[in-house]
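Peer 1: Enclosed is the structure file protein_11.tsv (TSV, C-alpha atoms and all ligand atoms).
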```
chain	number	residue	atom	x	y	z
A	268	MET	CA	0.00	0.00	0.00
A	269	ALA	CA	1.41	3.39	-0.94
A	270	GLU	CA	2.59	5.38	2.06
A	271	GLU	CA	0.48	8.43	1.21
A	272	ARG	CA	-2.68	6.35	1.07
A	273	LYS	CA	-1.86	4.66	4.37
A	274	ASP	CA	-1.40	8.07	6.01
A	275	HIS	CA	-4.61	9.31	4.52
A	276	LEU	CA	-6.61	6.27	5.63
A	277	TRP	CA	-5.17	6.58	9.10
A	278	LYS	CA	-6.23	10.23	9.27
A	279	VAL	CA	-9.72	9.47	8.00
A	280	ALA	CA	-10.08	6.60	10.48
A	281	GLN	CA	-9.07	8.88	13.31
A	282	GLU	CA	-11.55	11.55	12.26
A	283	ALA	CA	-14.35	8.97	11.97
A	284	GLU	CA	-13.43	7.70	15.41
A	285	GLU	CA	-13.65	11.18	16.84
A	286	ARG	CA	-17.05	11.74	15.24
A	287	ILE	CA	-18.38	8.53	16.77
A	288	ASP	CA	-16.78	9.43	20.10
A	289	ASP	CA	-18.94	12.53	20.13
A	290	LEU	CA	-22.01	10.46	19.39
A	291	MET	CA	-21.59	7.52	21.70
A	292	LYS	CA	-21.21	8.15	25.38
A	293	THR	CA	-19.62	4.90	26.39
A	294	GLY	CA	-19.25	1.27	25.68
A	295	ALA	CA	-19.39	-1.09	22.78
A	296	SER	CA	-21.55	-0.58	19.77
A	297	PRO	CA	-22.22	-3.14	17.07
A	298	MET	CA	-22.33	-2.03	13.48
A	299	GLY	CA	-24.54	-2.83	10.50
A	300	LEU	CA	-23.23	-2.29	7.00
A	301	ASP	CA	-24.86	-2.48	3.60
A	302	VAL	CA	-22.07	-2.96	1.08
A	303	GLY	CA	-24.03	-2.11	-2.07
A	304	THR	CA	-23.02	-1.70	-5.70
A	305	ALA	CA	-24.27	1.89	-5.77
A	306	LYS	CA	-24.07	2.91	-2.12
A	307	ILE	CA	-22.52	1.88	1.15
A	308	VAL	CA	-24.66	2.52	4.20
A	309	ALA	CA	-23.45	2.14	7.79
A	310	SER	CA	-25.78	2.02	10.75
A	311	ARG	CA	-25.32	2.08	14.49
A	312	ARG	CA	-27.40	2.63	17.53
A	313	LYS	CA	-27.73	6.15	18.83
A	314	ALA	CA	-29.60	6.18	22.14
A	315	LYS	CA	-32.85	4.40	21.24
A	316	ASP	CA	-32.65	5.24	17.57
A	317	ILE	CA	-30.65	3.88	14.68
A	318	GLU	CA	-28.33	6.30	12.92
A	319	CYS	CA	-27.32	5.78	9.29
A	320	ALA	CA	-24.55	7.32	7.20
A	321	ALA	CA	-24.01	6.67	3.50
A	322	GLN	CA	-21.32	7.09	0.86
A	323	LEU	CA	-21.56	6.61	-2.87
A	324	ASN	CA	-19.58	3.55	-3.92
A	325	ALA	CA	-17.73	5.34	-6.70
A	326	PHE	CA	-14.46	7.08	-7.55
A	327	ILE	CA	-12.59	9.12	-10.14
A	328	PRO	CA	-8.79	9.15	-10.50
A	329	VAL	CA	-7.21	12.36	-11.84
A	330	PRO	CA	-3.57	13.14	-12.59
A	331	TYR	CA	-1.69	14.55	-9.61
A	332	SER	CA	-0.75	18.19	-9.52
A	333	LYS	CA	-0.16	20.42	-6.55
A	334	PHE	CA	-2.82	22.76	-7.94
A	335	THR	CA	-5.51	20.04	-8.21
A	336	GLU	CA	-4.67	18.82	-4.73
A	337	THR	CA	-5.13	22.34	-3.35
A	338	ILE	CA	-8.49	22.70	-5.10
A	339	LEU	CA	-9.67	19.36	-3.70
A	340	GLY	CA	-8.57	20.38	-0.23
A	341	GLN	CA	-10.29	23.77	-0.48
A	342	ASN	CA	-13.53	22.10	-1.57
A	343	ASP	CA	-13.38	19.44	1.15
A	344	ILE	CA	-13.40	16.65	-1.40
A	345	ALA	CA	-12.41	13.18	-0.12
A	346	TYR	CA	-9.35	11.86	-1.96
A	347	TYR	CA	-6.11	10.00	-1.49
A	348	ARG	CA	-2.89	10.29	-3.43
A	349	GLU	CA	-1.41	7.25	-5.06
A	350	GLY	CA	1.77	7.83	-7.05
A	351	GLY	CA	0.99	10.17	-9.90
A	352	GLU	CA	-2.75	10.21	-9.26
A	353	LEU	CA	-5.31	11.68	-6.91
A	354	VAL	CA	-8.21	9.32	-6.33
A	355	ILE	CA	-11.46	11.09	-5.46
A	356	TYR	CA	-13.88	8.72	-3.77
A	357	GLY	CA	-17.29	8.33	-2.13
A	358	THR	CA	-20.13	10.82	-2.35
A	359	ASP	CA	-17.77	13.63	-3.40
A	360	THR	CA	-17.21	11.74	-6.65
A	361	GLU	CA	-20.60	12.91	-7.91
A	362	ARG	CA	-19.87	16.55	-7.12
A	363	PHE	CA	-16.50	16.31	-8.84
A	364	ALA	CA	-17.97	14.45	-11.85
A	365	ASN	CA	-20.56	17.23	-12.26
A	366	MET	CA	-17.93	19.97	-11.97
A	367	PHE	CA	-15.63	18.45	-14.58
A	368	ASN	CA	-18.12	16.46	-16.65
A	369	ALA	CA	-16.20	13.26	-15.91
A	370	GLU	CA	-17.51	9.66	-15.69
A	371	ALA	CA	-17.28	7.98	-12.29
A	372	ARG	CA	-15.94	4.44	-11.87
A	373	ARG	CA	-17.24	1.80	-9.47
A	374	PRO	CA	-15.42	-0.68	-7.20
A	375	MET	CA	-18.38	-3.05	-7.46
A	376	ALA	CA	-20.62	-4.38	-10.22
A	377	ASP	CA	-23.63	-6.72	-10.04
A	378	GLY	CA	-23.49	-6.87	-6.24
A	379	LEU	CA	-19.85	-7.99	-6.01
A	380	LEU	CA	-16.31	-6.61	-6.16
A	381	ASN	CA	-15.75	-5.77	-9.81
A	382	PRO	CA	-13.09	-8.15	-11.20
A	383	ARG	CA	-12.42	-5.79	-14.13
A	384	GLU	CA	-11.60	-2.87	-11.83
A	385	THR	CA	-7.99	-2.94	-10.61
A	386	ARG	CA	-8.62	-0.27	-8.00
A	387	ALA	CA	-11.73	-1.98	-6.59
A	388	MET	CA	-10.41	-2.96	-3.18
A	389	PRO	CA	-8.19	0.07	-2.40
A	390	VAL	CA	-11.09	2.41	-3.16
A	391	LEU	CA	-13.59	0.29	-1.25
A	392	GLU	CA	-11.21	0.30	1.72
A	393	ALA	CA	-11.01	4.09	1.62
A	394	ILE	CA	-14.81	4.44	1.54
A	395	LEU	CA	-15.30	1.86	4.30
A	396	THR	CA	-12.64	3.49	6.47
A	397	ASN	CA	-14.49	6.77	6.07
A	398	LEU	CA	-17.75	5.21	7.31
A	399	VAL	CA	-16.53	2.65	9.81
A	400	PRO	CA	-14.32	3.78	12.68
A	401	LYS	CA	-12.09	1.25	14.40
A	402	PRO	CA	-14.09	-0.50	17.16
A	403	LYS	CA	-13.75	0.67	20.74
A	404	VAL	CA	-13.83	-2.88	21.89
A	405	GLN	CA	-11.68	-5.43	20.06
A	406	GLY	CA	-13.89	-8.09	18.46
A	407	GLU	CA	-16.98	-5.86	18.25
A	408	ILE	CA	-19.60	-7.40	15.95
A	409	LEU	CA	-19.95	-5.92	12.48
A	410	ALA	CA	-22.65	-7.47	10.28
A	411	PHE	CA	-22.24	-6.72	6.57
A	412	SER	CA	-24.65	-7.55	3.78
A	413	VAL	CA	-23.77	-9.94	0.98
A	414	PRO	CA	-25.95	-10.70	-2.00
A	415	ALA	CA	-27.30	-14.09	-2.98
A	416	ALA	CA	-25.16	-15.67	-5.70
A	417	LEU	CA	-26.23	-15.08	-9.26
A	418	PRO	CA	-26.07	-18.26	-11.33
A	419	GLY	CA	-22.42	-18.95	-12.22
A	420	ARG	CA	-21.07	-16.31	-9.80
A	421	GLU	CA	-20.81	-18.53	-6.72
A	422	ALA	CA	-17.01	-18.47	-6.65
A	423	ALA	CA	-16.92	-14.69	-7.10
A	424	LEU	CA	-19.30	-14.34	-4.14
A	425	THR	CA	-16.97	-16.44	-1.97
A	426	TYR	CA	-14.06	-14.13	-2.91
A	427	HIS	CA	-16.11	-10.97	-2.30
A	428	GLU	CA	-17.27	-12.13	1.11
A	429	ALA	CA	-13.85	-13.40	2.24
A	430	THR	CA	-12.11	-10.20	1.10
A	431	LEU	CA	-14.51	-7.99	3.05
A	432	ARG	CA	-14.33	-10.28	6.06
A	433	GLY	CA	-10.53	-10.01	6.03
A	434	PHE	CA	-10.65	-6.23	5.85
A	435	PHE	CA	-13.09	-5.90	8.78
A	436	GLN	CA	-11.08	-8.37	10.83
A	437	GLY	CA	-7.99	-6.28	10.19
A	438	GLN	CA	-9.90	-3.26	11.53
A	439	GLY	CA	-10.52	-5.15	14.78
A	440	TYR	CA	-14.11	-6.27	14.24
A	441	LYS	CA	-15.68	-9.68	14.39
A	442	PRO	CA	-17.37	-9.67	10.99
A	443	VAL	CA	-20.58	-11.57	10.29
A	444	ALA	CA	-21.94	-11.79	6.75
A	445	ILE	CA	-25.70	-11.49	6.35
A	446	ASN	CA	-27.69	-12.11	3.20
A	447	GLU	CA	-29.20	-8.88	1.85
A	448	GLY	CA	-32.81	-10.13	1.61
A	449	LEU	CA	-32.57	-11.48	5.14
A	450	SER	CA	-31.34	-8.07	6.32
A	451	VAL	CA	-34.54	-6.56	4.91
A	452	ILE	CA	-36.55	-9.13	6.89
A	453	PHE	CA	-34.60	-8.24	10.03
A	454	SER	CA	-35.28	-4.55	9.59
A	455	GLU	CA	-38.92	-4.70	8.49
A	456	LEU	CA	-40.53	-7.87	9.81
A	457	GLU	CA	-39.54	-7.98	13.47
A	458	ASP	CA	-43.25	-7.71	14.39
A	459	ASN	CA	-43.95	-10.75	12.24
A	460	ASN	CA	-41.33	-12.90	14.02
A	461	PHE	CA	-38.91	-12.37	11.14
A	462	THR	CA	-41.19	-14.40	8.90
A	463	GLY	CA	-41.95	-13.35	5.34
A	464	ILE	CA	-40.29	-12.32	2.10
A	465	GLY	CA	-37.68	-9.55	1.98
A	466	ILE	CA	-36.78	-8.04	-1.37
A	467	SER	CA	-34.09	-5.49	-2.11
A	468	CYS	CA	-34.00	-3.92	-5.58
A	469	GLY	CA	-30.62	-2.21	-5.74
A	470	GLY	CA	-28.25	-0.77	-8.29
A	471	GLY	CA	-26.50	-3.95	-9.41
A	472	MET	CA	-29.14	-6.58	-8.78
A	473	CYS	CA	-32.23	-7.66	-6.85
A	474	ASN	CA	-32.16	-9.95	-3.83
A	475	VAL	CA	-35.08	-12.05	-2.64
A	476	THR	CA	-35.20	-14.03	0.60
A	477	LEU	CA	-37.95	-16.00	2.24
A	478	ALA	CA	-37.46	-16.72	5.94
A	479	PHE	CA	-39.41	-18.42	8.67
A	480	LEU	CA	-38.57	-17.26	12.19
A	481	SER	CA	-35.40	-15.63	10.85
A	482	ILE	CA	-34.21	-18.84	9.18
A	483	PRO	CA	-33.85	-18.32	5.43
A	484	SER	CA	-35.23	-21.06	3.24
A	485	ILE	CA	-35.00	-19.36	-0.15
A	486	MET	CA	-32.29	-16.87	-1.16
A	487	ILE	CA	-32.05	-15.85	-4.78
A	488	GLY	CA	-30.40	-13.13	-6.81
A	489	ILE	CA	-31.77	-11.54	-9.99
A	490	GLY	CA	-29.12	-10.00	-12.22
A	491	LYS	CA	-31.00	-6.81	-13.03
A	492	GLY	CA	-31.09	-3.61	-11.00
A	493	GLY	CA	-31.06	0.16	-11.40
A	494	ASP	CA	-27.80	0.05	-13.40
A	495	TYR	CA	-29.44	-2.20	-15.97
A	496	ILE	CA	-32.34	0.25	-16.32
A	497	ASP	CA	-29.92	3.18	-16.70
A	498	SER	CA	-27.84	1.59	-19.44
A	499	ALA	CA	-30.78	0.02	-21.28
A	500	VAL	CA	-32.72	3.31	-21.28
A	501	GLY	CA	-29.55	5.22	-22.18
A	502	ALA	CA	-28.97	3.01	-25.21
A	503	VAL	CA	-32.42	3.67	-26.66
A	504	VAL	CA	-32.68	7.39	-25.90
A	505	ASN	CA	-29.03	7.98	-26.79
A	506	GLU	CA	-27.96	9.38	-23.41
A	507	HIS	CA	-25.19	8.44	-21.00
A	508	ALA	CA	-26.34	6.01	-18.32
A	509	THR	CA	-25.27	8.57	-15.68
A	510	ARG	CA	-27.58	11.19	-17.16
A	511	VAL	CA	-30.45	8.67	-17.16
A	512	ARG	CA	-29.74	7.79	-13.54
A	513	ILE	CA	-29.80	11.43	-12.43
A	514	GLN	CA	-33.06	12.07	-14.27
A	515	LYS	CA	-34.51	8.83	-12.87
A	516	GLU	CA	-33.53	9.71	-9.30
A	517	GLU	CA	-35.06	13.18	-9.62
A	518	GLY	CA	-38.36	11.32	-9.50
A	519	ILE	CA	-40.18	9.10	-11.94
A	520	ASP	CA	-43.81	8.10	-11.63
A	521	LEU	CA	-44.61	4.56	-12.71
A	522	SER	CA	-48.27	4.97	-11.82
A	523	ARG	CA	-49.15	7.18	-14.78
A	524	GLN	CA	-48.98	6.81	-18.55
A	525	PRO	CA	-45.52	7.66	-19.95
A	526	LYS	CA	-45.61	10.89	-21.91
A	527	ASP	CA	-42.34	10.88	-23.85
A	528	LYS	CA	-39.68	8.53	-25.19
A	529	PHE	CA	-37.63	8.66	-21.97
A	530	GLU	CA	-40.62	7.74	-19.80
A	531	ARG	CA	-41.69	4.99	-22.19
A	532	ALA	CA	-38.21	3.46	-22.08
A	533	ILE	CA	-38.11	3.72	-18.27
A	534	ARG	CA	-41.46	1.94	-18.04
A	535	ILE	CA	-40.46	-0.82	-20.48
A	536	TYR	CA	-37.29	-1.70	-18.56
A	537	TYR	CA	-38.93	-1.33	-15.14
A	538	GLU	CA	-41.65	-3.74	-16.28
A	539	GLU	CA	-39.00	-6.13	-17.55
A	540	LEU	CA	-37.09	-5.94	-14.26
A	541	VAL	CA	-40.23	-6.57	-12.19
A	542	GLU	CA	-41.22	-9.45	-14.46
A	543	SER	CA	-37.78	-11.09	-13.98
A	544	LEU	CA	-38.07	-10.53	-10.24
A	545	VAL	CA	-41.51	-12.10	-9.93
A	546	ASP	CA	-40.50	-14.88	-12.29
A	547	GLY	CA	-37.45	-15.68	-10.18
A	548	LEU	CA	-39.51	-15.67	-6.99
A	549	ALA	CA	-42.25	-17.90	-8.47
A	550	LYS	CA	-39.70	-20.39	-9.85
A	551	ALA	CA	-37.80	-20.55	-6.56
A	552	LEU	CA	-41.02	-21.13	-4.63
A	553	SER	CA	-42.29	-23.83	-6.96
A	554	THR	CA	-38.99	-25.72	-7.06
A	555	ALA	CA	-38.18	-25.43	-3.34
A	556	GLU	CA	-37.74	-28.88	-1.89
A	557	THR	CA	-39.34	-27.95	1.38
A	558	LEU	CA	-41.32	-24.91	2.29
A	559	PRO	CA	-41.93	-24.76	6.03
A	560	ARG	CA	-45.63	-25.01	6.74
A	561	THR	CA	-47.42	-21.92	7.93
A	562	ASP	CA	-51.11	-21.30	8.25
A	563	ARG	CA	-50.60	-17.56	8.03
A	564	PRO	CA	-50.12	-15.70	4.73
A	565	LEU	CA	-46.64	-14.23	4.27
A	566	PRO	CA	-45.96	-10.50	4.00
A	567	ILE	CA	-43.65	-9.18	1.28
A	568	VAL	CA	-41.48	-6.12	1.89
A	569	LEU	CA	-39.92	-4.22	-1.02
A	570	SER	CA	-36.80	-2.11	-0.47
A	571	GLY	CA	-33.73	-0.70	-2.23
A	572	GLY	CA	-33.37	2.44	-4.31
A	573	THR	CA	-34.91	0.87	-7.40
A	574	ALA	CA	-38.15	0.20	-5.46
A	575	LYS	CA	-38.51	3.91	-4.55
A	576	PRO	CA	-40.45	5.36	-7.49
A	577	LYS	CA	-44.16	5.97	-7.11
A	578	GLY	CA	-46.08	3.06	-8.63
A	579	PHE	CA	-43.35	0.44	-8.14
A	580	LYS	CA	-45.37	-1.56	-5.61
A	581	ASP	CA	-48.40	-1.60	-7.94
A	582	LEU	CA	-46.22	-2.82	-10.79
A	583	PHE	CA	-44.96	-5.63	-8.57
A	584	GLU	CA	-48.48	-6.50	-7.37
A	585	LYS	CA	-49.77	-6.60	-10.93
A	586	ALA	CA	-46.95	-8.91	-12.02
A	587	LEU	CA	-47.56	-11.21	-9.05
A	588	LYS	CA	-51.29	-11.41	-9.64
A	589	GLY	CA	-52.38	-14.37	-11.67
A	590	ARG	CA	-49.34	-16.44	-10.77
A	591	ALA	CA	-50.07	-19.67	-9.00
A	592	LEU	CA	-47.80	-19.64	-5.95
A	593	PRO	CA	-47.45	-22.43	-3.40
A	594	ILE	CA	-47.74	-19.85	-0.61
A	595	GLU	CA	-50.38	-17.33	0.31
A	596	VAL	CA	-49.26	-13.70	0.21
A	597	ALA	CA	-50.50	-11.27	2.85
A	598	GLU	CA	-49.76	-7.58	2.40
A	599	ILE	CA	-47.12	-6.22	0.04
A	600	ARG	CA	-45.50	-3.05	1.30
A	601	LEU	CA	-42.57	-0.74	0.80
A	602	ALA	CA	-39.87	-0.58	3.49
A	603	LYS	CA	-40.06	2.47	5.75
A	604	ASP	CA	-36.81	3.79	4.30
A	605	PRO	CA	-35.92	1.73	1.21
A	606	LEU	CA	-32.35	3.11	1.04
A	607	THR	CA	-31.35	2.15	4.59
A	608	ALA	CA	-33.41	-1.01	5.22
A	609	THR	CA	-30.50	-3.38	4.50
A	610	ALA	CA	-28.07	-1.51	6.79
A	611	ARG	CA	-30.65	-1.30	9.60
A	612	GLY	CA	-31.37	-5.01	9.28
A	613	ALA	CA	-27.66	-5.81	9.36
A	614	LEU	CA	-27.39	-3.81	12.59
A	615	ILE	CA	-30.28	-5.74	14.14
A	616	ALA	CA	-28.58	-8.99	13.08
A	617	ALA	CA	-25.34	-7.74	14.70
A	618	MET	CA	-27.20	-6.91	17.91
A	619	TYR	CA	-28.72	-10.40	18.01
A	620	GLU	CA	-25.23	-11.90	17.63
A	621	LYS	CA	-24.10	-10.43	20.92
A	701	LIG	N1	-35.62	8.06	-6.12
A	701	LIG	C1	-35.18	7.07	-6.90
A	701	LIG	N2	-35.90	6.67	-7.97
A	701	LIG	C2	-35.45	5.67	-8.76
A	701	LIG	N3	-34.30	5.02	-8.56
A	701	LIG	C3	-33.55	5.39	-7.52
A	701	LIG	C4	-33.94	6.42	-6.63
A	701	LIG	N4	-32.98	6.57	-5.68
A	701	LIG	C5	-32.04	5.64	-5.97
A	701	LIG	N5	-32.37	4.95	-7.07
A	701	LIG	C6	-31.62	3.87	-7.74
A	701	LIG	O1	-31.44	2.83	-6.81
A	701	LIG	C7	-30.24	2.15	-7.07
A	701	LIG	C8	-29.41	2.07	-5.82
A	701	LIG	O2	-30.16	1.44	-4.85
A	701	LIG	P1	-29.46	0.85	-3.55
A	701	LIG	O3	-28.72	1.92	-2.85
A	701	LIG	O4	-30.51	0.10	-2.81
A	701	LIG	O5	-28.43	-0.17	-4.26
A	701	LIG	P2	-27.18	-0.91	-3.68
A	701	LIG	O6	-27.56	-1.55	-2.39
A	701	LIG	O7	-26.01	-0.01	-3.65
A	701	LIG	O8	-26.93	-2.01	-4.82
A	701	LIG	P3	-27.02	-3.61	-4.78
A	701	LIG	O9	-27.92	-4.00	-3.66
A	701	LIG	O10	-27.57	-3.99	-6.11
A	701	LIG	O11	-25.61	-4.06	-4.61
A	701	LIG	C9	-29.54	2.93	-8.18
A	701	LIG	O12	-29.76	2.30	-9.42
A	701	LIG	C10	-30.22	4.28	-8.12
A	701	LIG	O13	-30.21	4.94	-9.38
A	702	MG	MG	-28.42	-3.29	-1.89
```
For this file, write the structure as structure tokens.

Peer 2:
Amino acid sequence: MAEERKDHLWKVAQEAEERIDDLMKTGASPMGLDVGTAKIVASRRKAKDIECAAQLNAFIPVPYSKFTETILGQNDIAYYREGGELVIYGTDTERFANMFNAEARRPMADGLLNPRETRAMPVLEAILTNLVPKPKVQGEILAFSVPAALPGREAALTYHEATLRGFFQGQGYKPVAINEGLSVIFSELEDNNFTGIGISCGGGMCNVTLAFLSIPSIMIGIGKGGDYIDSAVGAVVNEHATRVRIQKEEGIDLSRQPKDKFERAIRIYYEELVESLVDGLAKALSTAETLPRTDRPLPIVLSGGTAKPKGFKDLFEKALKGRALPIEVAEIRLAKDPLTATARGALIAAMYEK
């Protein structure tokens, strides 16, 4: 590891530690972490509440010059220096990309560390160090989300999980991996004895988990998420995926008729994504060797950034209707905060580990 980066990480870790010191009066505090393709969200307990902090999982390297470094410093932009480059990372990446009309890069793709990105782990480490201070108590529990394996990506998932585990261990934590769909169940279905279906529609993929009394019996991954929508829409309206994403996040409404080419394309790919999601769920349910018996219908909770637009739940309900499922579905609802549900659930899982 380059010396400059080490120094920088050390400084950032110290600052994060000081911030948390201000927040927590005393004692140990477990940590929940959603390591997502688009965003990393950390959550911890603050008095009786749960506090979340997020960073964009993105970066932009620029050539080093004293001048650029000064500008970054003056604008409070998070970066580290590595050899002849300055690597801007986290949420500041977006601000920088807008300023200089540059394309951001991502340490992760499709829910996992991106094997085509040489800087994946160093950047991820910088972002994680920014969000996760060293534990006060050695061996503190840190639960981090991992996706379900997409078909053919089982070995890549093992690598992803082991790499993260090693990093958190090095920071002094006792890391526990938790499936993303199960995290949603932990955060949203406590009142239902952690029984039901948790779905997270993220940037890189969708995760679906069915659990009875917190024990998962189905965990599947669907290889389409917000990134797929952005690039597919971008290709047909001739726009950069980033531009599509920004427009999409400004607020789309899936409950009304599309009124231009952009909205029509958004609807087409959203419908396709939801169809794949429901298809995957129906197939997994019908081929499951054993489904624990329950006389009560199962609730479904939808979460993740891709589930946020108005009308998403209706789209999902419509796609589910008419399918013969071997289970009875109770209510379908959106998570209270779709962007932090996974991190909150991971924290609850961490607290139960104690
Ligand atoms: N208001 C919004 N409307 C539509 N899409 C949104 C909105 N806010 C965020 N998104 C999209 O949600 C996705 C990110 O969601 P999320 O943060 O849940 O993903 P992630 O956990 O980082 O990824 P993954 O779980 O796939 O690894 C992105 O594609 C983003 O564009
Ligand atoms: Mg996610």

Peer 1: Kindly work out which residues sit at most 9 Å from ligand LIG 701 (chain A), using all atoms listed in the file, and give the list as a PyMOL selection string.

Peer 2: chain A and resi 301-308+323-324+375-379+412-414+447+467-474+490-497+509+511-520+570-577+605-609

Peer 1: Keeping only C-alpha atoms, write the selected residues to a file as a short mmCIF file (atom, residue, chain, number, x, y, z; two decimals), keeping the file's coordinate frame.

Peer 2:
```
data_model
loop_
_atom_site.label_atom_id
_atom_site.label_comp_id
_atom_site.auth_asym_id
_atom_site.auth_seq_id
_atom_site.Cartn_x
_atom_site.Cartn_y
_atom_site.Cartn_z
CA ASP A 301 -24.86 -2.48 3.60
CA VAL A 302 -22.07 -2.96 1.08
CA GLY A 303 -24.03 -2.11 -2.07
CA THR A 304 -23.02 -1.70 -5.70
CA ALA A 305 -24.27 1.89 -5.77
CA LYS A 306 -24.07 2.91 -2.12
CA ILE A 307 -22.52 1.88 1.15
CA VAL A 308 -24.66 2.52 4.20
CA LEU A 323 -21.56 6.61 -2.87
CA ASN A 324 -19.58 3.55 -3.92
CA MET A 375 -18.38 -3.05 -7.46
CA ALA A 376 -20.62 -4.38 -10.22
CA ASP A 377 -23.63 -6.72 -10.04
CA GLY A 378 -23.49 -6.87 -6.24
CA LEU A 379 -19.85 -7.99 -6.01
CA SER A 412 -24.65 -7.55 3.78
CA VAL A 413 -23.77 -9.94 0.98
CA PRO A 414 -25.95 -10.70 -2.00
CA GLU A 447 -29.20 -8.88 1.85
CA SER A 467 -34.09 -5.49 -2.11
CA CYS A 468 -34.00 -3.92 -5.58
CA GLY A 469 -30.62 -2.21 -5.74
CA GLY A 470 -28.25 -0.77 -8.29
CA GLY A 471 -26.50 -3.95 -9.41
CA MET A 472 -29.14 -6.58 -8.78
CA CYS A 473 -32.23 -7.66 -6.85
CA ASN A 474 -32.16 -9.95 -3.83
CA GLY A 490 -29.12 -10.00 -12.22
CA LYS A 491 -31.00 -6.81 -13.03
CA GLY A 492 -31.09 -3.61 -11.00
CA GLY A 493 -31.06 0.16 -11.40
CA ASP A 494 -27.80 0.05 -13.40
CA TYR A 495 -29.44 -2.20 -15.97
CA ILE A 496 -32.34 0.25 -16.32
CA ASP A 497 -29.92 3.18 -16.70
CA THR A 509 -25.27 8.57 -15.68
CA VAL A 511 -30.45 8.67 -17.16
CA ARG A 512 -29.74 7.79 -13.54
CA ILE A 513 -29.80 11.43 -12.43
CA GLN A 514 -33.06 12.07 -14.27
CA LYS A 515 -34.51 8.83 -12.87
CA GLU A 516 -33.53 9.71 -9.30
CA GLU A 517 -35.06 13.18 -9.62
CA GLY A 518 -38.36 11.32 -9.50
CA ILE A 519 -40.18 9.10 -11.94
CA ASP A 520 -43.81 8.10 -11.63
CA SER A 570 -36.80 -2.11 -0.47
CA GLY A 571 -33.73 -0.70 -2.23
CA GLY A 572 -33.37 2.44 -4.31
CA THR A 573 -34.91 0.87 -7.40
CA ALA A 574 -38.15 0.20 -5.46
CA LYS A 575 -38.51 3.91 -4.55
CA PRO A 576 -40.45 5.36 -7.49
CA LYS A 577 -44.16 5.97 -7.11
CA PRO A 605 -35.92 1.73 1.21
CA LEU A 606 -32.35 3.11 1.04
CA THR A 607 -31.35 2.15 4.59
CA ALA A 608 -33.41 -1.01 5.22
CA THR A 609 -30.50 -3.38 4.50
#
```

Peer 1: Between atom CA of A:Val545 and atom CA of A:Leu587, what is the distance, to one decimal in Å?

Peer 2: 6.2 Å

Peer 1: Rounded to one decimal in Å, what is the spacing between atom CA of A:Ala610 and atom CA of A:Leu540?

Peer 2: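 Taking atom CA of A:Ala610 as the start and atom CA of A:Leu540 as the end point, the length is 23.3 Å.
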
Peer 1: Would you mind reading off the distance between atom CA of A:Phe479 and atom CA of A:Thr462, one decimal, in Å?

Peer 2: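 Between atom CA of A:Phe479 and atom CA of A:Thr462 the gap works out to 4.4 Å.
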
Peer 1: When distances are computed from all atoms listed in the file, which of A:Leu424, A:Pro483, A:Tyr440, A:Phe411 shows the smallest separation from ligand MG 702 (chain A)?

Peer 2: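 Going through A:Leu424, A:Pro483, A:Tyr440, A:Phe411 one by one, the smallest distance to ligand MG 702 (chain A) is for A:Phe411.
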
Peer 1: From the options A:Lys315, A:Arg348, A:Arg590, A:His507, which residue's atoms come nearest to A:Pro330, counting all atoms listed in the file?

Peer 2: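 Among the listed residues, A:Arg348 lies closest to A:Pro330.
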
Peer 1: Measuring atom to atom with all atoms listed in the file, identify which of A:Asn397, A:Ser450, A:Thr358, A:Ser498 is nearest to ligand MG 702 (chain A).

Peer 2: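 Smallest separation from ligand MG 702 (chain A) among the options: A:Ser450.
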
Peer 1: So that I can see what lies close to stretch 368-371 of chain A, please list as a short mmCIF file (atom, residue, chain, number, x, y, z; two decimals) with C-alpha atoms, keeping the file's coordinate frame the residues with an atom at most 8 Å from it, counting all atoms listed in the file and leaving out residues fewer than 6 positions away in the same chain.

Peer 2:
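part-v9.cif, freshly written:
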```
data_model
loop_
_atom_site.label_atom_id
_atom_site.label_comp_id
_atom_site.auth_asym_id
_atom_site.auth_seq_id
_atom_site.Cartn_x
_atom_site.Cartn_y
_atom_site.Cartn_z
CA ALA A 325 -17.73 5.34 -6.70
CA PHE A 326 -14.46 7.08 -7.55
CA ILE A 327 -12.59 9.12 -10.14
CA THR A 360 -17.21 11.74 -6.65
CA GLU A 361 -20.60 12.91 -7.91
CA THR A 509 -25.27 8.57 -15.68
#
```

Peer 1: Which of these, A:Glu384, A:Leu569, A:Phe579, A:Leu456, has the shortest distance to ligand MG 702 (chain A) once you count all atoms listed in the file?

Peer 2: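 Using all atoms listed in the file, the shortest distance to ligand MG 702 (chain A) belongs to A:Leu569.
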
Peer 1: Kindly compute an axis-aligned box around the listed atoms of stretch 588-593 of chain A, allowing 3 Å on each side, and express its centre and edge lengths in Å to one decimal as lines of an AutoDock Vina configuration file.

Peer 2:
```
center_x = -49.9
center_y = -16.9
center_z = -7.5
size_x = 10.9
size_y = 17.0
size_z = 14.3
```

Peer 1: Tell me, as an NGL selection string, which residues lie within 12 Å of A:Phe453, counting all atoms listed in the file; anything in the same chain fewer than 3 positions away does not count.

Peer 2: :A and (299 or 410 or 412 or 445-450 or 456-466 or 476-483 or 568 or 602 or 608-619)

Peer 1: Within 8 Å of A:Ala387, counting all atoms listed in the file, which residues qualify if same-chain residues fewer than 6 places away don't, as a ChimeraX atom specification?

Peer 2: /A:373-375,380-381

Peer 1: If you count all atoms listed in the file, which residues fall within 9 Å of stretch 583-586 of chain A, apart from same-chain ones fewer than 3 positions away, as a list in words?

Peer 2: Glu538, Val541, Glu542, Leu544, Val545, Asp546, Gly578, Phe579, Lys580, Gly589, Arg590 and Ile599 of chain A
